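Novice: Pasting a structure below so you can have a look.
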Amino acid sequence: MITYLRVENASRNWGEVKMFSNLSFCINEGDKVAIVARNGTGKTTLLNIIAGKDSFDSGGFYLNKDIKVGYLEQNPRFDSTLTLFDAVYGSPGKLMETVREYELAIHEHNQQSLHDATAMMDFHQAWNLENKIRQMLSVFKLEDEAMLVGSLSGGQIKRLALVVALISEPDFLMLDEPTNHLDLEMIEWLEEYLLKSRITMLVVTHDRYFLNRVCNEIIEIDSGAAYTYMGNYTEFIQKRAERITNKEIQVERAQNLLRKELEWMRRMPKARTTKAKYRVDAFYELKTRSEYRRNDQQVNIQVKESRLGKKILLLQGINKKFGEKVILDGFTYSFARGERIGIIGQNGTGKSTLLNIITGNIPTDSGEIEQGETVIFGYYQQKGLEFLPGQRVIDVIQDIAEYIDLGNGQQLSAMQFLNQFLFTPEMQHIHVEKLSGGERRRLYLMTILMRNPNFLILDEPTNDLDIATLHVLEEYLISFAGCVLIVSHDRFFMDKIVDHTFIFEGNGTVYDFPGNYSDYRASQKKQAAESKQNELPDKTKTTTTVNQANPDSAKKKFSFKEKREFELLTAELESLEVEKKSLEVLLGNGNLGSEELIKHANRIAEIITLIDQKTDRWLELSEFAG
């Protein structure tokens, strides 16, 4: 079995905070491994170190030099002046390197290099690279390949980086939160792609369905150490519980033995310094084991929920367009207390627009909005926390309130409230920009909840939060008595929370589906199966007729493979003409023997045949070359 990565006794601190210590694990060919840990424990730092962008404080790692590595960073960067196509085409990777070597061989008219490069093009199946790039861009809703990278949103840049990571076809692929900024359709495509591919993978993600479906091994970083579990997320949960139980049993046994050893130590005569040294050593070892304490603190969401009256929110005939694009077409809905509604739809269909209309951040084109007097919105936006340079964690909370009302006459100071969200006194005085992505999200969640909302609007709330925090948030939302409206790509989160779902189909069409995400997908699959069975037999003929009526639309495009074939034929025809002329000179000088004359004459006949064949194909391709 080929080892791709081996991490040995690695340690890394961030200031005085220990991320991990003496971390060791191994990844072999074919493994699809996930790293699971709390926010701030160094998951992204670990990937950056393996990618050569950072370093351990101590220890090290081995990365196989014979493999190609791809890396999807949490915050990727590109040259803003490049088009989407050029950003992908110019990226590193076996396919792109093979194509560039082939182009160089053609440019230099080097026949041996061209022969070798052609073989590599065949081996890597690189002839259709342009089509592959366009198809991949289309999958991730980046259809305008001429668009400049500088005009993309943060989510679009993350999707572009994912295209680059996948199109390079690496042997070993590292992914940092790959499902963030993907809609549900894209996530399902990505899962299928990774399942079918032979790529070895190391991924950091909180997406529990992704972990369950794609990964066959999970590494948990807990209290600075690594624990490896074979299997998917479901098996990880079971085996982790067993590990913790076994550890607690061992600690209890150690404590019982310690009490007996302590009695023995106290009875030892003070003068007997050389007696039973092994018992003394065992005593101190037991003492260390018995002092084991799990650092299993969880976020404590304990906030007051403002009273919500009978009248909550009514949207009547809401219409909204951006230019010619219809976002909402007569949308009507009356919200009721205790509803937990999910929103599903492809990117750009208007999910976030509806949230911004409800909260008054975007005006409607027409329609009426009636809001109850007691409604207090808590709007958790996708863009995340906004803070000032140099602002400390404690400053963010104190700028909103010095004390937080928990209800029933209870209050917490800002420092106490931060403690409940796992911000230690030391962390409360560091600058916000130094927090991990997940820690910033947790701080942002605090700023929303401490205002005591009774109508929560959550736009991608699960991005970058660790699984432990997600679990606590889910339990809080299930018991929340007010209204909850959620846009999320996290299918596990949606299935656990929502009662029914708004489905955004595009062109202003929104319908209310009576179920969660999994119910909706099951319904879709059932409809697709029924539609396939009832498909009309003349559908193909209709399509053919349309294409025949529009011959220009069916005109064949000059593909990447055909373009390269055209260039190769041009070079080959030139070479054949040179060889033919050289042989004609030899035949005409009268100095050749009979055998040589026959040999060269036969070769000229072969060349003429080849020239005729290749010229026919060259002429056929030349129709598209212009």
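Letters A, B, ... mark the chains of the structure tokens in the order given; residue numbers begin at 1 per chain; ligand numbers begin at 1, in order shown.
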Go through segment 202-236 of chain A residue by residue and, counting only C-alpha atoms, keep those with an atom at most 12 Å from segment 57-75 of chain A; for each kept residue give the shortest atom pair and its distance in Å to one decimal, ordered by chain and increasing number, as a Markdown table.
Specialist:
| residue | atom | partner | partner_atom | distance |
| --- | --- | --- | --- | --- |
| A:Leu202 | CA | A:Tyr71 | CA | 9.5 |
| A:Val203 | CA | A:Leu72 | CA | 9.3 |
| A:Val204 | CA | A:Gln74 | CA | 9.6 |
| A:Thr205 | CA | A:Gln74 | CA | 10.5 |
Novice: Report the residues of segment 316-558 of chain A whose backbone DSSP state falls under strand (DSSP E), written as an MDAnalysis selection string.
Specialist: chainID A and resid 316:322 325:335 340:345 366:371 377:380 403:407 410:413 455:459 483:487 500:506 509:513
Novice: What separation in Å, quoted to one decimal, exists between atom CA of Pro178 of chain A and atom CA of Thr234 of chain A?
Specialist: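 Distance between the two atoms: 20.1 Å.
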Novice: I need the residues in segment 337-393 of chain A that are alpha helix (DSSP H) according to DSSP; give them as a list in words.
Specialist: Lys351, Ser352, Thr353, Leu354, Leu355, Asn356, Ile357, Ile358 and Val393 of chain A
Novice: Those same residues - N, CA and C atoms - I'd like them written as a PDB file, in the first residue's frame.
Specialist:
ATOM      1  N   LYS A 351     -33.252  33.532  -2.978  1.00  0.00           N
ATOM      2  CA  LYS A 351     -33.415  33.120  -1.576  1.00  0.00           C
ATOM      3  C   LYS A 351     -33.026  34.251  -0.618  1.00  0.00           C
ATOM      4  N   SER A 352     -31.812  34.779  -0.791  1.00  0.00           N
ATOM      5  CA  SER A 352     -31.359  35.866   0.084  1.00  0.00           C
ATOM      6  C   SER A 352     -32.157  37.147  -0.149  1.00  0.00           C
ATOM      7  N   THR A 353     -32.645  37.332  -1.370  1.00  0.00           N
ATOM      8  CA  THR A 353     -33.457  38.518  -1.666  1.00  0.00           C
ATOM      9  C   THR A 353     -34.714  38.536  -0.811  1.00  0.00           C
ATOM     10  N   LEU A 354     -35.373  37.392  -0.672  1.00  0.00           N
ATOM     11  CA  LEU A 354     -36.568  37.319   0.164  1.00  0.00           C
ATOM     12  C   LEU A 354     -36.245  37.700   1.605  1.00  0.00           C
ATOM     13  N   LEU A 355     -35.119  37.207   2.124  1.00  0.00           N
ATOM     14  CA  LEU A 355     -34.733  37.539   3.493  1.00  0.00           C
ATOM     15  C   LEU A 355     -34.510  39.040   3.651  1.00  0.00           C
ATOM     16  N   ASN A 356     -33.878  39.645   2.665  1.00  0.00           N
ATOM     17  CA  ASN A 356     -33.602  41.083   2.732  1.00  0.00           C
ATOM     18  C   ASN A 356     -34.871  41.924   2.575  1.00  0.00           C
ATOM     19  N   ILE A 357     -35.845  41.413   1.830  1.00  0.00           N
ATOM     20  CA  ILE A 357     -37.137  42.105   1.715  1.00  0.00           C
ATOM     21  C   ILE A 357     -37.863  42.066   3.056  1.00  0.00           C
ATOM     22  N   ILE A 358     -37.871  40.892   3.697  1.00  0.00           N
ATOM     23  CA  ILE A 358     -38.547  40.745   4.985  1.00  0.00           C
ATOM     24  C   ILE A 358     -37.959  41.693   6.024  1.00  0.00           C
ATOM     25  N   VAL A 393     -12.397  40.937  20.902  1.00  0.00           N
ATOM     26  CA  VAL A 393     -13.604  40.126  21.032  1.00  0.00           C
ATOM     27  C   VAL A 393     -14.554  40.749  22.044  1.00  0.00           C
TER      28      VAL A 393
END
Novice: As an exercise, work out the distance from atom CA of Ala241 of chain A to atom CA of Glu177 of chain A in Å and give it to one decimal place.
Specialist: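 Between atom CA of Ala241 of chain A and atom CA of Glu177 of chain A the gap is 24.8 Å.
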Novice: With distances taken over only C-alpha atoms, which residue among A:Met450, A:Leu583, A:Leu418, A:Leu46 lies nearest Ile221 of chain A?
Specialist: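 Once distances to Ile221 of chain A are computed over only C-alpha atoms, the minimum belongs to A:Leu46.
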Novice: So how many Å separate atom CA of Gln135 of chain A and atom CA of Leu569 of chain A, to one decimal?
Specialist: 27.1 Å
Novice: Need to verify the contact set: segment 98-104 of chain A, 8 Å, only C-alpha atoms, exclusion of same-chain residues closer than 2 positions in sequence. Can you return it as a PyMOL selection string?
Specialist: chain A and resi 94-96+106-108+113-114+117-118+120-121+124+126
Novice: Which is closest to Tyr476 of chain A among A:Ala146, A:Val303, A:Leu573, A:Leu129, if we use only C-alpha atoms?
Specialist: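 Closest candidate: A:Val303.
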Novice: Neighbouring residues of Phe493 of chain A were defined as those with any atom within 9 Å, considering only C-alpha atoms; residues of the same chain fewer than 2 positions away were excluded. Please report them as a PyMOL selection string.
Specialist: chain A and resi 207-208+462+470-471+474+488-491+495-498
Novice: Go ahead and save the picked residues with N, CA and C atoms, as an mmCIF file, in the first residue's frame.
Specialist:
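Listed below is the output, selection28.cif:
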data_model
loop_
_atom_site.group_PDB
_atom_site.id
_atom_site.type_symbol
_atom_site.label_atom_id
_atom_site.label_comp_id
_atom_site.auth_asym_id
_atom_site.auth_seq_id
_atom_site.Cartn_x
_atom_site.Cartn_y
_atom_site.Cartn_z
ATOM 1 N N ASP A 207 -20.093 19.244 7.082
ATOM 2 C CA ASP A 207 -21.262 18.690 6.399
ATOM 3 C C ASP A 207 -21.384 17.204 6.734
ATOM 4 N N ARG A 208 -22.317 16.869 7.615
ATOM 5 C CA ARG A 208 -22.403 15.500 8.136
ATOM 6 C C ARG A 208 -22.896 14.505 7.098
ATOM 7 N N THR A 462 -24.554 27.643 9.060
ATOM 8 C CA THR A 462 -23.658 26.543 9.421
ATOM 9 C C THR A 462 -22.248 26.698 8.858
ATOM 10 N N LEU A 470 -22.803 23.181 16.053
ATOM 11 C CA LEU A 470 -24.008 22.968 15.249
ATOM 12 C C LEU A 470 -25.051 22.169 16.028
ATOM 13 N N HIS A 471 -24.584 21.170 16.741
ATOM 14 C CA HIS A 471 -25.518 20.347 17.521
ATOM 15 C C HIS A 471 -26.245 21.193 18.564
ATOM 16 N N GLU A 474 -28.726 23.502 16.841
ATOM 17 C CA GLU A 474 -29.904 22.750 16.402
ATOM 18 C C GLU A 474 -30.881 22.522 17.557
ATOM 19 N N SER A 488 -29.973 27.306 3.912
ATOM 20 C CA SER A 488 -28.769 26.548 4.235
ATOM 21 C C SER A 488 -28.541 25.448 3.218
ATOM 22 N N HIS A 489 -27.242 25.209 2.927
ATOM 23 C CA HIS A 489 -26.860 24.074 2.077
ATOM 24 C C HIS A 489 -26.594 22.838 2.924
ATOM 25 N N ASP A 490 -26.655 22.978 4.255
ATOM 26 C CA ASP A 490 -26.380 21.860 5.153
ATOM 27 C C ASP A 490 -27.635 20.997 5.275
ATOM 28 N N ARG A 491 -27.649 19.883 4.569
ATOM 29 C CA ARG A 491 -28.847 19.056 4.478
ATOM 30 C C ARG A 491 -29.204 18.411 5.811
ATOM 31 N N ASP A 495 -32.740 19.025 7.601
ATOM 32 C CA ASP A 495 -33.612 17.890 7.925
ATOM 33 C C ASP A 495 -33.990 17.871 9.400
ATOM 34 N N LYS A 496 -33.059 18.281 10.241
ATOM 35 C CA LYS A 496 -33.288 18.225 11.678
ATOM 36 C C LYS A 496 -34.169 19.367 12.172
ATOM 37 N N ILE A 497 -34.147 20.510 11.475
ATOM 38 C CA ILE A 497 -34.796 21.718 12.000
ATOM 39 C C ILE A 497 -36.156 21.997 11.372
ATOM 40 N N VAL A 498 -36.272 21.969 10.051
ATOM 41 C CA VAL A 498 -37.414 22.591 9.386
ATOM 42 C C VAL A 498 -38.649 21.694 9.361
#
Novice: Show which residues sit within 12 Å of Glu579 of chain A, as an NGL selection string. Count only C-alpha atoms, and ignore same-chain residues fewer than 6 positions away.
Specialist: :A and (572-573 or 585-586 or 600 or 603-608 or 611)
Novice: Compile the contact shell of Gln371 of chain A as a list in words: residues with an atom at most 8 Å away, counting only C-alpha atoms, same-chain residues fewer than 4 positions apart removed.
Specialist: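 Those residues are Lys311, Ile312, Leu313, Leu314 and Val375 of chain A.
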Novice: Return the single residue from A:Ser306, A:Asn28, A:Gln416, A:Ser168 that is closest to Met201 of chain A, with distances computed using only C-alpha atoms.
Specialist: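 Using only C-alpha atoms, the shortest distance to Met201 of chain A belongs to A:Asn28.
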Novice: I'd like the neighbourhood of Ala571 of chain A as a list of chain:residue names, where a residue qualifies if any of its atoms comes within 12 Å (using only C-alpha atoms), though same-chain residues fewer than 3 positions away should be ignored.
Specialist: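 Non-adjacent residues within range: A:Glu103, A:Ala105, A:Ile106, A:His107, A:Glu108, A:His109, A:Asn110, A:Gln111, A:Leu114, A:His115, A:Arg564, A:Glu565, A:Phe566, A:Glu567, A:Leu568, A:Glu574, A:Ser575, A:Leu576, A:Glu577, A:Val578, A:Ile611, A:Lys614, A:Thr615, A:Trp618.
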Novice: Between A:Asn212, A:Thr45, A:Thr3, A:Asn516, which residue has the minimum interatomic distance to Phe172 of chain A, considering only C-alpha atoms?
Specialist: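 Under the stated criterion, the closest residue is A:Thr3.
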Novice: Quick one: of A:Gly367, A:Ala10, A:Asp222, A:Thr81, who's nearest to Asn22 of chain A, counting only C-alpha atoms?
Specialist: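 Ranking A:Gly367, A:Ala10, A:Asp222, A:Thr81 by distance to Asn22 of chain A, first place goes to A:Ala10.
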Novice: Taking only C-alpha atoms into account, which of A:Val396, A:Val510, A:Ile157, A:Ala87 comes nearest Phe331 of chain A?
Specialist: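 Of all the options, A:Val510 lies closest to Phe331 of chain A.
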